[in-house]
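Colleague: For reference, the file final.txt (compact mmCIF, C-alpha atoms) is included below:
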```
# COMPACT_ATOMS: atom_id res chain seq x y z
CA MET A 1 89.52 149.04 104.50
CA ASN A 2 93.22 149.85 104.75
CA ARG A 3 93.75 146.76 106.90
CA PHE A 4 92.01 144.61 104.30
CA LEU A 5 94.22 145.94 101.49
CA LEU A 6 97.32 145.41 103.64
CA SER A 7 96.30 141.79 104.31
CA VAL A 8 95.78 141.14 100.59
CA LEU A 9 99.18 142.67 99.80
CA VAL A 10 100.96 140.53 102.45
CA LEU A 11 99.22 137.38 101.15
CA ALA A 12 100.16 138.20 97.55
CA VAL A 13 103.82 138.57 98.57
CA ALA A 14 103.86 135.49 100.82
CA LEU A 15 102.42 133.02 98.29
CA PRO A 16 105.29 133.33 95.77
CA LEU A 17 107.78 133.05 98.63
CA GLN A 18 106.20 129.75 99.70
CA ALA A 19 106.65 128.41 96.18
CA ARG A 20 110.45 128.78 96.28
CA ASN A 21 112.55 125.64 96.19
CA VAL A 22 114.70 125.62 99.32
CA ASP A 23 117.63 123.22 99.62
CA ARG A 24 118.35 122.66 103.31
CA GLY A 25 121.05 120.08 102.65
CA LEU A 26 118.97 117.11 103.82
CA GLY A 27 119.23 115.34 100.46
CA ASP A 28 116.65 114.28 97.89
CA PRO A 29 113.43 113.21 99.68
CA LYS A 30 112.62 110.96 96.70
CA ALA A 31 115.86 108.98 96.96
CA VAL A 32 115.26 105.25 97.40
CA TYR A 33 115.52 104.04 100.99
CA ILE A 34 113.57 100.76 100.61
CA GLU A 35 112.75 99.51 97.12
CA LYS A 36 109.33 98.76 95.67
CA GLY A 37 108.38 95.09 96.04
CA THR A 38 110.22 94.62 99.37
CA TRP A 39 108.55 92.60 102.13
CA GLN A 40 109.09 93.83 105.69
CA PHE A 41 108.54 91.86 108.90
CA GLY A 42 108.88 93.51 112.30
CA VAL A 43 108.72 92.67 116.01
CA SER A 44 108.71 94.71 119.20
CA GLY A 45 108.06 94.00 122.85
CA GLY A 46 108.85 94.74 126.45
CA TYR A 47 108.82 93.21 129.91
CA MET A 48 108.93 94.81 133.36
CA THR A 49 108.63 93.55 136.93
CA TYR A 50 108.37 95.49 140.16
CA SER A 51 108.59 94.22 143.73
CA ALA A 52 108.22 96.19 146.95
CA GLU A 53 108.70 94.88 150.47
CA GLY A 54 109.47 96.46 153.81
CA LEU A 55 112.58 95.39 155.72
CA ASN A 56 113.42 95.42 159.44
CA GLY A 57 109.82 95.74 160.50
CA THR A 58 108.87 98.61 158.18
CA ALA A 59 105.48 98.55 156.44
CA GLY A 60 106.81 98.99 152.90
CA THR A 61 108.52 101.31 150.45
CA SER A 62 107.70 104.71 148.98
CA LEU A 63 106.92 105.18 145.27
CA TYR A 64 107.71 108.74 144.07
CA GLY A 65 106.41 110.07 147.37
CA ILE A 66 102.83 109.45 146.19
CA VAL A 67 102.31 105.88 147.34
CA ASN A 68 103.71 105.07 150.78
CA ASP A 69 104.07 101.86 152.80
CA LEU A 70 103.83 99.93 149.55
CA SER A 71 104.19 96.18 149.58
CA GLY A 72 103.43 93.94 146.61
CA GLN A 73 104.48 92.77 143.16
CA ALA A 74 103.70 93.77 139.57
CA SER A 75 104.60 92.43 136.14
CA MET A 76 103.77 93.85 132.71
CA TRP A 77 104.73 92.68 129.26
CA ASN A 78 103.73 93.24 125.64
CA PHE A 79 104.61 91.89 122.22
CA SER A 80 103.66 92.82 118.66
CA ALA A 81 104.45 91.49 115.18
CA SER A 82 103.85 93.16 111.83
CA GLY A 83 104.11 92.47 108.12
CA ALA A 84 104.21 95.04 105.30
CA TRP A 85 104.65 95.22 101.54
CA PHE A 86 106.20 98.16 99.66
CA PHE A 87 103.84 99.05 96.82
CA ALA A 88 106.17 101.90 95.79
CA ASN A 89 109.66 103.08 96.66
CA ASN A 90 109.70 104.12 100.35
CA MET A 91 105.94 103.48 100.80
CA SER A 92 104.33 100.43 102.38
CA VAL A 93 101.04 99.05 103.66
CA GLY A 94 100.82 96.43 106.36
CA ILE A 95 99.09 94.80 109.28
CA ARG A 96 100.14 94.55 112.93
CA PHE A 97 98.98 92.32 115.81
CA GLY A 98 99.84 92.63 119.47
CA TYR A 99 99.33 91.19 122.94
CA GLU A 100 99.50 92.99 126.30
CA GLN A 101 99.25 91.59 129.82
CA SER A 102 99.60 93.05 133.31
CA ASP A 103 99.36 91.52 136.79
CA VAL A 104 99.46 93.71 139.90
CA ASP A 105 99.19 92.38 143.46
CA ILE A 106 99.09 95.00 146.22
CA ASP A 107 99.43 93.64 149.74
CA SER A 108 99.30 97.10 151.29
CA GLY A 109 99.79 100.75 150.39
CA THR A 110 98.61 104.29 151.04
CA ILE A 111 98.03 106.88 148.30
CA LEU A 112 98.75 110.46 149.45
CA SER A 113 97.85 109.42 153.01
CA PHE A 114 94.15 109.42 152.07
CA VAL A 115 93.43 106.14 150.28
CA THR A 116 94.46 102.85 151.86
CA LEU A 117 94.87 99.74 149.74
CA ASN A 118 94.98 96.24 151.15
CA ASN A 119 94.65 92.88 149.45
CA ARG A 120 94.03 94.37 145.97
CA HIS A 121 94.69 92.52 142.74
CA ILE A 122 94.51 94.06 139.25
CA ASP A 123 94.84 91.86 136.17
CA GLY A 124 94.54 92.90 132.53
CA LEU A 125 94.88 91.34 129.10
CA ASN A 126 94.45 92.93 125.65
CA TYR A 127 94.69 91.85 122.03
CA THR A 128 95.43 94.59 119.50
CA GLY A 129 95.36 94.82 115.71
CA ASP A 130 95.68 97.58 113.15
CA LEU A 131 96.24 98.38 109.48
CA PHE A 132 98.90 100.93 108.66
CA CYS A 133 100.51 102.87 105.83
CA ARG A 134 104.07 104.14 106.20
CA ALA A 135 106.16 106.54 104.09
CA TYR A 136 109.94 106.92 104.49
CA MET A 137 112.10 109.94 103.62
CA PRO A 138 115.87 109.25 103.58
CA LEU A 139 118.21 111.80 105.14
CA PHE A 140 121.25 113.10 103.25
CA ASP A 141 120.54 110.67 100.34
CA SER A 142 121.45 107.87 102.72
CA LYS A 143 120.23 104.27 102.62
CA ILE A 144 121.00 103.97 106.33
CA PHE A 145 119.03 106.80 107.99
CA ALA A 146 115.45 107.90 107.30
CA ILE A 147 112.54 109.53 109.01
CA TYR A 148 109.03 108.25 108.41
CA GLY A 149 105.39 109.02 108.97
CA GLU A 150 102.75 106.39 109.66
CA GLY A 151 98.97 106.41 109.70
CA SER A 152 97.11 103.52 111.27
CA ILE A 153 93.59 102.48 112.19
CA GLY A 154 92.96 99.65 114.58
CA GLY A 155 91.35 98.38 117.72
CA LYS A 156 91.82 96.66 121.03
CA ARG A 157 89.85 93.91 122.75
CA GLY A 158 90.51 92.71 126.26
CA TYR A 159 89.48 92.59 129.88
CA SER A 160 90.54 93.86 133.28
CA LYS A 161 89.84 92.57 136.79
CA ASP A 162 90.03 94.52 140.06
CA TYR A 163 89.32 92.26 143.02
CA ALA A 164 90.15 91.21 146.58
CA GLU A 165 90.63 87.73 148.00
CA THR A 166 87.91 87.03 150.60
CA GLU A 167 86.46 84.04 152.42
CA ARG A 168 83.76 83.93 149.74
CA GLY A 169 86.38 83.90 146.96
CA LYS A 170 87.35 86.70 144.59
CA LEU A 171 85.09 89.75 144.90
CA GLY A 172 85.48 92.82 142.70
CA THR A 173 84.82 94.25 139.27
CA TYR A 174 85.29 92.60 135.88
CA SER A 175 85.37 94.76 132.74
CA ASP A 176 85.14 93.87 129.05
CA ASN A 177 87.13 96.56 127.23
CA PHE A 178 87.03 97.68 123.58
CA SER A 179 88.59 100.52 121.58
CA LEU A 180 88.87 101.86 118.03
CA THR A 181 91.62 104.38 117.25
CA PHE A 182 93.14 106.30 114.36
CA LYS A 183 96.77 107.34 114.91
CA LEU A 184 99.44 109.36 113.17
CA SER A 185 103.02 108.67 114.24
CA SER A 186 106.47 109.83 113.24
CA GLY A 187 109.73 107.98 113.68
CA LEU A 188 113.33 107.29 112.81
CA SER A 189 114.65 104.22 110.97
CA ILE A 190 118.29 103.06 111.07
CA PHE A 191 119.68 100.10 109.12
CA VAL A 192 122.27 98.14 111.09
CA ASN A 193 123.04 95.82 108.14
CA ASP A 194 121.68 95.23 104.64
CA TYR A 195 118.45 93.65 105.86
CA CYS A 196 117.83 94.60 109.49
CA ALA A 197 116.64 98.02 110.68
CA ILE A 198 115.82 99.50 114.08
CA SER A 199 112.88 101.91 114.26
CA ILE A 200 111.83 104.38 116.96
CA SER A 201 108.35 105.91 116.78
CA LEU A 202 106.13 108.26 118.77
CA PRO A 203 102.39 108.92 118.17
CA PHE A 204 101.40 112.59 117.95
CA LEU A 205 97.74 112.42 116.85
CA GLN A 206 95.10 110.06 118.22
CA ILE A 207 91.37 110.01 117.55
CA GLY A 208 89.33 107.18 118.95
CA LYS A 209 86.73 105.76 121.26
CA THR A 210 86.97 103.32 124.15
CA TRP A 211 84.10 101.58 125.91
CA SER A 212 83.63 98.82 128.46
CA ASN A 213 80.94 96.74 130.16
CA GLN A 214 81.44 96.17 133.88
CA ILE A 215 80.22 93.38 136.11
CA LYS A 216 80.50 93.91 139.86
CA GLU A 217 80.42 90.90 142.17
CA GLY A 218 78.73 88.75 139.53
CA GLU A 219 76.00 91.24 138.55
CA PRO A 220 75.92 93.62 135.54
CA ALA A 221 76.79 96.99 137.03
CA SER A 222 77.53 99.68 134.46
CA LYS A 223 78.74 100.75 131.05
CA ARG A 224 81.20 103.50 130.28
CA SER A 225 82.67 105.07 127.16
CA GLN A 226 85.16 107.78 126.24
CA PHE A 227 85.94 109.69 123.05
CA VAL A 228 89.51 110.96 122.71
CA ALA A 229 91.07 113.42 120.23
CA ASP A 230 94.65 114.41 121.09
CA TYR A 231 97.20 116.33 119.05
CA LYS A 232 100.30 116.03 121.18
CA PRO A 233 103.14 113.54 121.68
CA ASP A 234 102.02 110.37 123.46
CA TYR A 235 105.11 109.39 125.45
CA LEU A 236 103.37 106.28 126.75
CA GLY A 237 103.12 105.14 123.13
CA PHE A 238 106.89 105.43 122.56
CA ASN A 239 107.96 102.30 120.72
CA ILE A 240 111.24 100.66 119.65
CA GLY A 241 111.14 97.79 117.15
CA VAL A 242 113.25 95.68 114.82
CA SER A 243 112.29 94.98 111.19
CA TYR A 244 113.69 92.64 108.53
CA ASN A 245 113.46 93.53 104.84
CA PHE A 246 113.59 90.99 101.99
```
Here is the file; what I need is its structure written in the form of structure tokens.
Modeller:
Amino acid sequence: MNRFLLSVLVLAVALPLQARNVDRGLGDPKAVYIEKGTWQFGVSGGYMTYSAEGLNGTAGTSLYGIVNDLSGQASMWNFSASGAWFFANNMSVGIRFGYEQSDVDIDSGTILSFVTLNNRHIDGLNYTGDLFCRAYMPLFDSKIFAIYGEGSIGGKRGYSKDYAETERGKLGTYSDNFSLTFKLSSGLSIFVNDYCAISISLPFLQIGKTWSNQIKEGEPASKRSQFVADYKPDYLGFNIGVSYNF
């Protein structure tokens, strides 16, 4: 009983303390960063290639000490474009579309000295789309720097192929891939002139489902699905983009 009364007393003291207005010197969060009625168009993308080949008679290179005797090539690139409208000061709704492609050709390689790969080819292509709502909060009453939060719901549609070149042609597994995801992200926006801003964002909450239908060597083989709920930074989702505001 004494513990219960002590808990009630602590709660009664804590609630008024939470109601205090604290000025941490970050400025007015309601200051205008981007005005109501503004249209915003953004783009982001990336491209990477990797090539591994042994010299002077060696079998190949080492990748982080995990993959040894690696020989092959890989290329990956992605692009996305978005459009948004500010229905209120610092708050916008928009739509985003994207495209992702990867091509990996492994001539040879050994994973942890247990799994040997030869003549493996992995291709993938995905189309993405989502609806989002974003809210900005300027820092230090500035019209140059702001942090923002974004909520989005969207999906992905694509395919992946894992195959080997044989005398009979390409033999392997083909997968039709789908996903639906809800994300919360936070980021930083910096204006470099009156109209152009650079944004950096990182997802920290993801809830979604992925599923795929697989065909192995021309015959329906299997189905698989996965439900994901993560509350942690997704460093693979780290994104840098450029937006134009009119």
Colleague: Neighbourhood query: residues within 10 Å of (97.8, 101.7, 106.2), file coordinates, counting only C-alpha atoms; return as a PyMOL selection string.
Modeller: chain A and resi 84+91-95+130-135+150-154
Colleague: State, in Å with one decimal place, the distance from atom CA of A:Gly237 to atom CA of A:Asp123.
Modeller: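 Atom-to-atom, atom CA of A:Gly237 and atom CA of A:Asp123 are spaced 20.4 Å apart.
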Colleague: What is the distance between atom CA of A:Pro29 and atom CA of A:Phe140, in Å to one decimal?
Modeller: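 Separating atom CA of A:Pro29 from atom CA of A:Phe140 is a distance of 8.6 Å.
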Colleague: Place a sphere of radius 12 Å on (121.2, 107.5, 101.7) in the file coordinates and name every protein, DNA or RNA residue with an atom inside or on its surface, counting only C-alpha atoms; give the answer as JSON, numbers by chain.
Modeller: {"A": [26, 27, 28, 29, 30, 31, 32, 33, 34, 136, 137, 138, 139, 140, 141, 142, 143, 144, 145, 146, 147, 189, 190, 191]}
Colleague: Between A:Lys183, A:Arg96, A:Arg168, A:Lys161, which has the minimum distance to A:Lys216 (counting only C-alpha atoms)?
Modeller: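 With only C-alpha atoms as the atom set, the closest residue is A:Lys161.
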Colleague: Could you list, as a VMD selection string, every residue within 12 Å of A:Thr210, counting all atoms listed in the file and ignoring same-chain residues fewer than 6 positions away?
Modeller: chain A and resid 154 to 158 176 to 182 223 to 229
Colleague: Which neighbours of A:Leu112 fall inside 9 Å, counting only C-alpha atoms, when residues of the same chain fewer than 6 positions from it are skipped, and could you give them as a PyMOL selection string?
Modeller: chain A and resi 65-68
Colleague: Rounded to one decimal place, report the atom CA of A:Lys36-atom CA of A:Gln206 distance in Å.
Modeller: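 Spanning atom CA of A:Lys36 to atom CA of A:Gln206 is a straight-line distance of 29.0 Å.
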Colleague: Stretch 34-76 of chain A near stretch 107-111 of chain A within 10 Å: what's each residue's closest atom pair and its distance in Å to one decimal, counting only C-alpha atoms, ordered by chain then ascending residue number, as a Markdown table?
Modeller:
```
| residue | atom | partner | partner_atom | distance |
| --- | --- | --- | --- | --- |
| A:Ala52 | CA | A:Asp107 | CA | 9.6 |
| A:Glu53 | CA | A:Asp107 | CA | 9.4 |
| A:Ala59 | CA | A:Ser108 | CA | 8.2 |
| A:Gly60 | CA | A:Gly109 | CA | 7.7 |
| A:Thr61 | CA | A:Gly109 | CA | 8.7 |
| A:Ser62 | CA | A:Gly109 | CA | 9.0 |
| A:Leu63 | CA | A:Ile111 | CA | 9.5 |
| A:Gly65 | CA | A:Ile111 | CA | 9.0 |
| A:Ile66 | CA | A:Ile111 | CA | 5.8 |
| A:Val67 | CA | A:Ile111 | CA | 4.5 |
| A:Asn68 | CA | A:Thr110 | CA | 5.2 |
| A:Asp69 | CA | A:Gly109 | CA | 5.0 |
| A:Leu70 | CA | A:Gly109 | CA | 4.2 |
| A:Ser71 | CA | A:Ser108 | CA | 5.3 |
| A:Gly72 | CA | A:Asp107 | CA | 5.1 |
| A:Gln73 | CA | A:Asp107 | CA | 8.3 |
```
Colleague: Please, which residues in stretch 37-140 of chain A fall within 10 Å of stretch 238-242 of chain A when counting only C-alpha atoms, and what is the closest atom pair and distance in Å to one decimal for each, ordered by chain then residue number, as a tab-separated table?
Modeller:
```
residue	atom	partner	partner_atom	distance
A:Phe41	CA	A:Val242	CA	8.5
A:Gly42	CA	A:Val242	CA	5.5
A:Val43	CA	A:Val242	CA	5.6
A:Ser44	CA	A:Gly241	CA	4.4
A:Gly45	CA	A:Gly241	CA	7.5
A:Gly46	CA	A:Ile240	CA	9.3
A:Ser80	CA	A:Gly241	CA	9.1
A:Ala81	CA	A:Gly241	CA	9.4
```
